[in-house]
file protein-v6.cif (mmCIF, C-alpha atoms)
data_my_file
#
loop_
_atom_site.label_atom_id
_atom_site.label_comp_id
_atom_site.auth_asym_id
_atom_site.auth_seq_id
_atom_site.Cartn_x
_atom_site.Cartn_y
_atom_site.Cartn_z
CA MET A 1 -25.05 -18.07 -16.29
CA GLU A 2 -23.47 -15.99 -19.03
CA LEU A 3 -21.47 -12.93 -18.12
CA GLU A 4 -23.43 -10.86 -20.62
CA THR A 5 -26.64 -11.59 -18.71
CA LEU A 6 -24.92 -10.74 -15.50
CA LYS A 7 -23.82 -7.43 -16.99
CA THR A 8 -27.39 -6.17 -17.00
CA LEU A 9 -27.91 -7.40 -13.47
CA TRP A 10 -24.70 -5.72 -12.37
CA GLN A 11 -25.53 -2.39 -13.96
CA GLU A 12 -29.08 -2.39 -12.64
CA GLN A 13 -27.97 -3.03 -9.08
CA GLU A 14 -28.93 -0.11 -6.90
CA THR A 15 -26.57 1.73 -4.68
CA PRO A 16 -27.82 2.14 -1.12
CA PRO A 17 -28.73 5.83 -0.67
CA MET A 18 -26.26 6.34 2.16
CA ALA A 19 -23.36 4.52 0.43
CA ALA A 20 -21.36 7.72 0.03
CA GLY A 21 -22.56 9.46 3.16
CA SER A 22 -23.92 12.94 3.79
CA HIS A 23 -22.09 16.11 2.79
CA GLU A 24 -20.91 16.64 6.38
CA GLU A 25 -19.70 13.04 6.72
CA LEU A 26 -17.69 13.34 3.52
CA LEU A 27 -16.24 16.68 4.62
CA ALA A 28 -15.15 15.05 7.88
CA LEU A 29 -13.62 12.19 5.89
CA LEU A 30 -11.44 14.62 3.93
CA GLN A 31 -9.82 15.74 7.21
CA LYS A 32 -8.80 12.22 8.19
CA ARG A 33 -5.37 10.79 7.59
CA SER A 34 -4.62 8.04 5.13
CA ILE A 35 -4.56 4.54 6.58
CA GLY A 36 -2.60 3.18 3.63
CA PRO A 37 0.70 1.34 4.29
CA ILE A 38 2.92 4.03 2.75
CA ALA A 39 1.30 6.84 4.74
CA ARG A 40 1.81 4.82 7.93
CA MET A 41 5.47 4.21 7.05
CA ARG A 42 5.97 7.97 6.57
CA ARG A 43 4.32 8.74 9.92
CA ASN A 44 6.54 6.18 11.67
CA LEU A 45 9.56 7.74 9.99
CA ARG A 46 8.58 11.20 11.28
CA LYS A 47 8.29 9.82 14.82
CA GLU A 48 11.75 8.22 14.51
CA VAL A 49 13.22 11.53 13.34
CA ILE A 50 11.77 13.36 16.35
CA VAL A 51 13.09 10.76 18.80
CA MET A 52 16.56 10.81 17.18
CA ALA A 53 16.70 14.62 17.11
CA ILE A 54 15.73 14.90 20.78
CA SER A 55 18.04 12.17 22.08
CA TYR A 56 21.04 13.25 20.01
CA GLY A 57 20.31 16.88 20.84
CA PHE A 58 20.61 16.10 24.54
CA CYS A 59 23.89 14.22 23.99
CA ILE A 60 25.36 17.11 21.99
CA ILE A 61 24.40 19.70 24.61
CA PHE A 62 25.64 17.45 27.43
CA TYR A 63 29.08 16.88 25.95
CA LEU A 64 29.45 20.53 24.97
CA LEU A 65 28.68 21.82 28.46
CA ALA A 66 29.88 19.07 30.78
CA PHE A 67 33.48 18.42 31.77
CA ASN A 68 34.32 22.12 31.22
CA GLY A 69 34.23 21.69 27.46
CA ASP A 70 36.91 18.95 27.49
CA MET A 71 34.56 16.56 25.75
CA ALA A 72 33.49 18.99 23.03
CA ASN A 73 35.04 16.66 20.41
CA VAL A 74 32.57 13.98 21.43
CA ALA A 75 29.73 16.46 20.91
CA TRP A 76 31.02 17.07 17.37
CA LEU A 77 31.06 13.33 16.77
CA PHE A 78 27.38 13.25 17.71
CA VAL A 79 26.77 16.17 15.36
CA GLY A 80 28.41 14.10 12.61
CA LEU A 81 26.17 11.13 13.41
CA LEU A 82 23.14 13.40 13.43
CA LEU A 83 24.04 14.64 9.96
CA PHE A 84 24.34 11.03 8.81
CA PHE A 85 20.86 10.35 10.19
CA TYR A 86 19.48 13.48 8.55
CA VAL A 87 20.66 12.23 5.15
CA TYR A 88 19.35 8.74 5.98
CA TYR A 89 15.85 9.90 6.93
CA HIS A 90 15.68 12.41 4.09
CA ARG A 91 16.51 9.70 1.55
CA LYS A 92 14.00 7.28 3.10
CA ASN A 93 11.28 9.94 2.99
CA GLN A 94 12.06 10.74 -0.66
CA LEU A 95 11.76 7.06 -1.57
CA LEU A 96 8.48 6.70 0.32
CA LYS A 97 7.05 9.75 -1.47
CA LYS A 98 7.96 8.20 -4.84
CA MET A 99 6.58 4.80 -3.98
CA GLN A 100 3.00 5.40 -5.00
CA CYS A 101 1.34 6.95 -8.02
CA VAL A 102 -2.39 6.34 -7.55
CA GLY A 103 -3.29 8.40 -10.61
CA CYS A 104 -1.12 6.26 -12.89
CA GLU A 105 -2.20 3.11 -14.71
CA VAL A 106 -2.51 0.23 -12.25
CA ARG A 107 0.40 -1.72 -13.75
CA SER A 108 2.72 1.33 -13.71
CA ASN A 109 1.81 2.03 -10.12
CA LEU A 110 2.55 -1.53 -9.03
CA ALA A 111 5.82 -1.67 -11.01
CA GLY A 112 6.88 1.67 -9.52
CA GLN A 113 6.02 0.47 -6.03
CA LEU A 114 8.03 -2.70 -6.44
CA LYS A 115 11.11 -0.93 -7.86
CA THR A 116 11.04 1.82 -5.21
CA LEU A 117 10.41 -0.61 -2.37
CA GLN A 118 13.42 -2.67 -3.45
CA LYS A 119 15.55 0.51 -3.54
CA TYR A 120 14.19 1.54 -0.13
CA LEU A 121 15.00 -1.82 1.43
CA ARG A 122 18.50 -1.88 -0.08
CA PHE A 123 19.17 1.59 1.34
CA TYR A 124 17.71 0.65 4.73
CA PHE A 125 19.74 -2.56 4.85
CA TRP A 126 23.13 -1.01 3.99
CA SER A 127 22.63 2.10 6.14
CA SER A 128 21.67 0.11 9.20
CA THR A 129 24.65 -2.18 8.66
CA VAL A 130 27.16 0.66 8.14
CA ILE A 131 25.94 2.50 11.26
CA VAL A 132 27.35 -0.33 13.42
CA PRO A 133 31.07 0.30 12.83
CA LEU A 134 30.36 4.04 12.87
CA SER A 135 28.66 3.84 16.28
CA LEU A 136 31.42 1.62 17.70
CA PHE A 137 34.00 4.14 16.54
CA VAL A 138 32.09 6.96 18.25
CA ALA A 139 31.78 4.87 21.42
CA PHE A 140 35.52 4.15 21.34
CA GLU A 141 36.27 7.85 20.93
CA ILE A 142 34.05 8.73 23.90
CA ALA A 143 35.64 6.04 26.06
CA PHE A 144 39.15 7.03 24.97
CA HIS A 145 38.60 10.70 25.74
CA SER A 146 36.91 10.11 29.07
CA ARG A 147 39.57 7.75 30.43
CA THR A 148 41.23 8.81 33.67
CA LYS A 149 44.25 6.50 33.48
CA PRO A 150 46.78 6.31 30.66
CA VAL A 151 46.32 3.48 28.15
CA SER A 152 48.62 0.52 28.79
CA SER A 153 48.51 -0.77 25.23
CA LEU A 154 46.88 1.28 22.49
CA TRP A 155 47.44 -1.47 19.93
CA LEU A 156 45.58 -3.98 22.09
CA MET A 157 42.68 -1.59 22.39
CA VAL A 158 42.57 -0.97 18.64
CA THR A 159 42.80 -4.74 17.92
CA LEU A 160 39.94 -5.42 20.32
CA LEU A 161 37.92 -2.60 18.75
CA CYS A 162 38.49 -4.02 15.25
CA ALA A 163 37.52 -7.53 16.33
CA LEU A 164 34.41 -6.24 18.04
CA THR A 165 33.49 -4.11 15.00
CA VAL A 166 33.89 -6.95 12.53
CA GLY A 167 31.96 -9.37 14.73
CA CYS A 168 29.09 -6.95 15.40
CA THR A 169 28.86 -5.84 11.77
CA ILE A 170 28.60 -9.44 10.53
CA ALA A 171 25.98 -10.24 13.16
CA VAL A 172 23.96 -7.12 12.30
CA TYR A 173 24.27 -7.89 8.56
CA PHE A 174 22.50 -11.23 9.03
CA LEU A 175 20.05 -9.82 11.58
CA ASN A 176 19.05 -7.06 9.14
CA ARG A 177 18.55 -9.55 6.33
CA TRP A 178 16.25 -11.64 8.49
CA TYR A 179 14.38 -8.61 9.88
CA ILE A 180 13.78 -6.98 6.48
CA HIS A 181 12.54 -10.29 5.07
CA LYS A 182 10.21 -10.68 8.05
CA LEU A 183 8.80 -7.15 7.71
CA TYR A 184 8.62 -6.74 3.96
CA GLY A 185 9.08 -10.18 2.41
CA ARG A 186 5.36 -10.86 1.99
CA HIS A 187 4.75 -7.37 0.61
CA LEU A 188 7.48 -7.78 -2.02
CA ARG A 189 6.27 -11.22 -3.03
CA LYS A 190 2.70 -10.00 -3.40
CA LEU A 191 3.76 -7.10 -5.65
CA GLN A 192 5.84 -9.50 -7.79
CA GLU A 193 2.90 -11.91 -8.08
CA LEU A 194 0.49 -9.14 -9.09
CA LEU A 195 2.86 -7.89 -11.78
CA GLN A 196 3.49 -11.40 -13.04
CA GLU A 197 -0.24 -11.98 -13.33
CA MET A 198 -0.72 -8.73 -15.21
CA ASP A 199 2.08 -9.53 -17.64
CA GLU A 200 1.28 -13.16 -18.42
CA VAL A 201 -0.80 -13.89 -21.52
CA MET B 1 -18.57 26.48 -5.49
CA ASN B 2 -15.22 25.75 -3.82
CA LEU B 3 -12.95 22.80 -4.54
CA GLN B 4 -14.24 20.72 -1.61
CA ASP B 5 -17.89 21.12 -2.58
CA ASP B 6 -17.03 20.32 -6.18
CA PHE B 7 -15.19 17.20 -5.10
CA ILE B 8 -17.98 16.01 -2.79
CA ARG B 9 -20.50 16.44 -5.58
CA LEU B 10 -18.31 14.26 -7.84
CA VAL B 11 -17.98 11.58 -5.14
CA ASN B 12 -21.75 11.48 -4.70
CA ASP B 13 -22.32 11.37 -8.48
CA ASN B 14 -19.97 8.37 -8.69
CA ARG B 15 -20.84 6.66 -5.44
CA GLY B 16 -22.19 3.65 -7.36
CA ILE B 17 -18.74 2.87 -8.75
CA LEU B 18 -17.05 3.34 -5.37
CA TYR B 19 -19.68 1.17 -3.69
CA LYS B 20 -19.13 -1.66 -6.17
CA ILE B 21 -15.34 -1.51 -5.85
CA CYS B 22 -15.54 -1.56 -2.05
CA ARG B 23 -17.98 -4.51 -2.18
CA MET B 24 -15.67 -6.34 -4.51
CA TYR B 25 -12.43 -5.83 -2.61
CA GLY B 26 -13.63 -5.58 0.97
CA ASP B 27 -14.19 -8.89 2.73
CA THR B 28 -16.13 -7.52 5.66
CA GLU B 29 -18.13 -4.37 6.33
CA PRO B 30 -15.31 -2.70 8.35
CA ASP B 31 -12.89 -3.53 5.48
CA ARG B 32 -15.27 -1.90 2.98
CA GLN B 33 -15.62 1.21 5.13
CA ASP B 34 -11.85 1.48 5.53
CA LEU B 35 -11.38 1.01 1.80
CA PHE B 36 -14.04 3.61 0.98
CA GLN B 37 -12.36 6.08 3.35
CA GLU B 38 -8.94 5.44 1.83
CA ILE B 39 -10.22 5.76 -1.75
CA VAL B 40 -11.92 9.09 -0.97
CA ILE B 41 -8.76 10.41 0.73
CA GLN B 42 -6.59 9.39 -2.23
CA LEU B 43 -9.09 10.92 -4.68
CA TRP B 44 -9.10 14.17 -2.68
CA ARG B 45 -5.29 14.33 -2.56
CA SER B 46 -5.03 13.79 -6.30
CA TYR B 47 -7.98 16.03 -7.19
CA PRO B 48 -6.12 19.37 -7.35
CA SER B 49 -3.66 17.85 -9.84
CA PHE B 50 -6.36 16.33 -12.06
CA ARG B 51 -6.06 18.37 -15.20
CA GLY B 52 -8.50 16.51 -17.41
CA ASP B 53 -5.73 14.84 -19.43
CA ALA B 54 -7.62 11.58 -19.02
CA LYS B 55 -11.38 11.14 -18.81
CA PHE B 56 -12.73 11.66 -15.30
CA SER B 57 -13.99 8.08 -15.07
CA THR B 58 -10.57 6.75 -16.16
CA TRP B 59 -8.91 8.83 -13.42
CA LEU B 60 -11.45 7.70 -10.81
CA TYR B 61 -11.09 4.01 -11.69
CA ARG B 62 -7.29 4.23 -11.65
CA ILE B 63 -7.19 5.72 -8.18
CA ALA B 64 -9.88 3.45 -6.75
CA LEU B 65 -8.37 0.26 -8.21
CA ASN B 66 -4.80 1.28 -7.31
CA THR B 67 -5.92 1.87 -3.73
CA ALA B 68 -7.88 -1.39 -3.53
CA ILE B 69 -5.23 -3.59 -5.19
CA SER B 70 -2.28 -1.99 -3.35
CA ASP B 71 -3.76 -2.61 0.05
CA LEU B 72 -1.49 -5.60 0.59
CA ARG B 73 -2.03 -5.67 4.35
CA ARG B 74 -5.28 -7.50 3.91
CA GLN B 75 -5.02 -11.24 4.23
CA ARG B 76 -6.84 -12.55 1.27
CA ARG B 77 -9.13 -15.32 2.32
CA HIS B 78 -9.27 -17.53 -0.73
CA LEU B 79 -12.42 -19.42 -0.02
CA LEU B 80 -12.74 -22.57 -2.06
CA THR B 81 -16.45 -22.75 -1.47
CA ILE B 82 -18.74 -20.03 -0.32
CA ASP B 83 -22.33 -20.21 0.71
CA PRO B 84 -24.12 -17.33 -1.04
CA GLY B 85 -26.18 -17.05 2.13
CA ASP B 86 -23.01 -15.89 3.89
CA LEU B 87 -22.86 -12.72 1.82
CA PRO B 88 -23.40 -9.53 3.85
CA THR B 89 -26.94 -8.36 4.29
CA GLN B 90 -26.78 -5.03 2.42
CA LEU B 91 -28.28 -6.77 -0.60
CA GLN B 92 -31.34 -7.44 1.46
CA ASP B 93 -32.00 -3.69 1.61
CA ILE B 94 -32.30 -3.55 -2.14
CA GLN B 95 -35.68 -4.39 -3.53
CA TYR B 96 -35.00 -7.18 -6.01
CA SER B 97 -37.03 -10.15 -7.04
CA THR B 98 -35.85 -13.38 -5.37
CA GLU B 99 -34.39 -14.72 -8.59
CA LYS B 100 -32.44 -11.57 -9.40
CA GLU B 101 -31.19 -11.35 -5.84
CA GLU B 102 -30.07 -14.94 -5.99
CA GLN B 103 -28.24 -14.33 -9.26
CA LEU B 104 -26.53 -11.24 -7.85
CA ARG B 105 -25.48 -13.15 -4.75
CA SER B 106 -24.03 -15.93 -6.93
CA LEU B 107 -22.21 -13.35 -9.01
CA TYR B 108 -20.64 -11.66 -5.98
CA ALA B 109 -19.79 -15.03 -4.47
CA ALA B 110 -18.04 -16.05 -7.70
CA ILE B 111 -16.25 -12.70 -8.05
CA ASN B 112 -15.06 -13.05 -4.48
CA ARG B 113 -13.05 -16.09 -5.55
CA LEU B 114 -11.12 -14.27 -8.27
CA THR B 115 -7.68 -12.72 -7.85
CA GLU B 116 -7.29 -8.95 -7.37
CA VAL B 117 -6.35 -8.41 -11.01
CA GLU B 118 -9.21 -10.59 -12.27
CA LYS B 119 -11.64 -8.63 -10.09
CA ALA B 120 -10.47 -5.35 -11.61
CA LEU B 121 -10.93 -6.71 -15.12
CA THR B 122 -14.34 -8.16 -14.29
CA MET B 123 -15.46 -4.87 -12.73
CA LEU B 124 -14.47 -2.87 -15.80
CA TYR B 125 -16.07 -5.44 -18.12
CA LEU B 126 -19.34 -5.41 -16.19
CA GLU B 127 -19.27 -1.61 -16.26
CA ASP B 128 -19.19 -1.85 -20.07
CA LYS B 129 -15.76 -0.32 -20.47
CA SER B 130 -14.14 -0.83 -23.88
CA TYR B 131 -10.84 -2.68 -24.07
CA THR B 132 -9.19 0.64 -24.95
CA GLU B 133 -10.45 2.19 -21.73
CA MET B 134 -9.45 -0.90 -19.77
CA GLU B 135 -5.94 -0.59 -21.18
CA GLU B 136 -5.81 3.07 -20.14
CA ILE B 137 -6.87 2.20 -16.61
CA LEU B 138 -4.95 -1.01 -16.01
CA GLY B 139 -1.93 -0.57 -18.27
CA ILE B 140 -2.36 -4.09 -19.72
CA PRO B 141 -2.22 -4.38 -23.54
CA GLN B 142 -5.58 -5.03 -25.20
CA ASN B 143 -4.60 -8.43 -26.60
CA ASN B 144 -3.69 -9.65 -23.11
CA LEU B 145 -6.92 -8.20 -21.76
CA ARG B 146 -9.04 -10.13 -24.26
CA VAL B 147 -7.29 -13.42 -23.46
CA LYS B 148 -7.59 -12.83 -19.72
CA MET B 149 -11.24 -11.83 -20.05
CA ASN B 150 -12.08 -15.04 -21.91
CA ARG B 151 -10.49 -17.05 -19.12
CA ILE B 152 -12.37 -15.10 -16.47
CA LYS B 153 -15.70 -15.60 -18.29
CA GLU B 154 -15.08 -19.33 -18.33
CA LYS B 155 -14.12 -19.31 -14.68
CA LEU B 156 -17.20 -17.32 -13.67
CA ARG B 157 -19.47 -19.44 -15.83
CA LYS B 158 -18.22 -22.54 -14.04
CA MET B 159 -18.42 -20.99 -10.59
CA THR B 160 -21.92 -19.59 -11.02
CA LYS B 161 -23.12 -22.96 -12.38
CA GLU B 162 -21.60 -24.68 -9.34
CA ALA B 163 -23.43 -22.26 -7.10
CA VAL B 164 -26.75 -22.94 -8.80
CA TYR B 165 -26.44 -26.66 -9.54
CA GLY B 166 -23.85 -27.77 -7.00
CA VAL B 167 -20.18 -28.74 -7.34
CA GLY B 168 -19.49 -31.47 -9.91
CA ASN B 169 -22.52 -30.68 -12.00
CA ALA B 170 -21.05 -27.56 -13.73
#
call {"tool": "encode", "arguments": {"input": "protein-v6.cif", "output": "structure tokens"}}
result
Amino acid sequence: MELETLKTLWQEQETPPMAAGSHEELLALLQKRSIGPIARMRRNLRKEVIVMAISYGFCIIFYLLAFNGDMANVAWLFVGLLLFFYVYYHRKNQLLKKMQCVGCEVRSNLAGQLKTLQKYLRFYFWSSTVIVPLSLFVAFEIAFHSRTKPVSSLWLMVTLLCALTVGCTIAVYFLNRWYIHKLYGRHLRKLQELLQEMDEV
Amino acid sequence: MNLQDDFIRLVNDNRGILYKICRMYGDTEPDRQDLFQEIVIQLWRSYPSFRGDAKFSTWLYRIALNTAISDLRRQRRHLLTIDPGDLPTQLQDIQYSTEKEEQLRSLYAAINRLTEVEKALTMLYLEDKSYTEMEEILGIPQNNLRVKMNRIKEKLRKMTKEAVYGVGNA
């Protein structure tokens, strides 16, 4: 069967009358949220931000008010971490916004998605690796300031902290690599395959 | 007429195109409904910024195909053989002669076995789009489009023959 013959058949095919839906159904559709992958990633990000803001908010207030203000430094450390997370989530959100251009040519949209997704994953990977030594440092500071007895050997404590930091960072580095590959590996491969197909002659 | 009413009128005027894209890229009826919903939402979000720089149909095809092709969550079921009788029953609502219906079923069955990019090209070809318009929508140079289209025609010719005459007799 020649494609030219099928063209006529294709163009003559009738659309079922209710294919688009009534005016009211379409109006209701416009109020719904996108179920696309990028929209879902942005919604998940917003939920993460809320959880972080609430939990860190509590910690900040607790350390400011408890212990007669003696642990206020710890509260400021949490404020510092919160600022780090603000920058982290802001950057992630910016990248997600840029990831899609549905009004662009299909090839440009796919190329843009691939490039931005790679940037997004690199940022995610390095931020979630760097947060490990940062968090350990904060934990050490909290423990150091809340001790009731004097420290027998500060150098031993610092050595142990360094060993723990290096060990945990290396472990998290490999865990992140595996986790990102598990979550996004297929997505990345599919985008690369689509672009390759579009570019090959 | 406000923006929403204007937009809904445009969706209804072009529902044939949206229906065909959803049929092409949606494996099951729920998939097609989800895809239709997502395409309409993306069209609505982009509508206020549509300034008429491109033709309306070019803009519509870009958004619909970008939405359909970018939906990478879907597990593509690459069926090596498909029984045209397994196609969904919407076609049965359309009043066609048996022969035409059979040909349309074979066509959809064959298209279902193409890749996402090949489907987009086939769709635009069957809709009688020029290679210039196809280039504007897909972003693939015209020379590449012609070569790809020739390959797709050969593929579809083989697949539709197999469907009519059986595998091995193409």
call {"tool": "residues_near_point", "arguments": {"input": "protein-v6.cif", "point": "(-10.0, -10.7, -8.6)", "cutoff": "12 Å", "atoms": "all atoms listed in the file", "output": "VMD selection string"}}
result
(chain A and resid 194 197 to 198) or (chain B and resid 21 23 to 26 65 68 to 69 76 to 78 108 to 124 148 to 149 152 155 to 156)
call {"tool": "interface_residues", "arguments": {"input": "protein-v6.cif", "of": "chain A", "to": "chain B", "cutoff": "8 Å", "atoms": "only C-alpha atoms", "output": "PyMOL selection string"}}
result
chain A and resi 1-3+6-7+9-11+14-16+19-20+23+26-27+29-30+32-37+102-110+187+190+194+197-201
call {"tool": "atom_distance", "arguments": {"input": "protein-v6.cif", "atom1": "CA of Arg42 (chain A)", "atom2": "CA of Asn176 (chain A)"}}
result
20.1 Å
call {"tool": "resolve_selection", "arguments": {"input": "protein-v6.cif", "expression": "the PyMOL selection byres ((chain A and resi 128) around 12)", "output": "compact mmCIF listing (two decimals) with C-alpha atoms, in the coordinates of the input"}}
result
# COMPACT_ATOMS: atom_id res chain seq x y z
CA PHE A 84 24.34 11.03 8.81
CA PHE A 85 20.86 10.35 10.19
CA TYR A 88 19.35 8.74 5.98
CA TYR A 89 15.85 9.90 6.93
CA LEU A 121 15.00 -1.82 1.43
CA ARG A 122 18.50 -1.88 -0.08
CA PHE A 123 19.17 1.59 1.34
CA TYR A 124 17.71 0.65 4.73
CA PHE A 125 19.74 -2.56 4.85
CA TRP A 126 23.13 -1.01 3.99
CA SER A 127 22.63 2.10 6.14
CA THR A 129 24.65 -2.18 8.66
CA VAL A 130 27.16 0.66 8.14
CA ILE A 131 25.94 2.50 11.26
CA VAL A 132 27.35 -0.33 13.42
CA PRO A 133 31.07 0.30 12.83
CA LEU A 134 30.36 4.04 12.87
CA SER A 135 28.66 3.84 16.28
CA CYS A 168 29.09 -6.95 15.40
CA THR A 169 28.86 -5.84 11.77
CA ILE A 170 28.60 -9.44 10.53
CA ALA A 171 25.98 -10.24 13.16
CA VAL A 172 23.96 -7.12 12.30
CA TYR A 173 24.27 -7.89 8.56
CA PHE A 174 22.50 -11.23 9.03
CA LEU A 175 20.05 -9.82 11.58
CA ASN A 176 19.05 -7.06 9.14
CA ARG A 177 18.55 -9.55 6.33
CA TYR A 179 14.38 -8.61 9.88
CA ILE A 180 13.78 -6.98 6.48
call {"tool": "resolve_selection", "arguments": {"input": "protein-v6.cif", "expression": "the PyMOL selection byres ((chain A and resi 140-148) around 9)", "output": "PyMOL selection string"}}
result
chain A and resi 70-71+73-74+77+135-139+149-151+161
call {"tool": "atom_distance", "arguments": {"input": "protein-v6.cif", "atom1": "CA of Tyr120 (chain A)", "atom2": "CA of Glu193 (chain A)"}}
result
19.3 Å
call {"tool": "atom_distance", "arguments": {"input": "protein-v6.cif", "atom1": "CA of Leu117 (chain A)", "atom2": "CA of Leu45 (chain A)"}}
result
14.9 Å
call {"tool": "residues_around", "arguments": {"input": "protein-v6.cif", "residues": "region 49-53 of chain A", "least_positions_apart": "5", "cutoff": "10 Å", "atoms": "only C-alpha atoms", "output": "VMD selection string"}}
result
chain A and resid 43 to 44 58 to 59 82 85 to 86 88 to 90
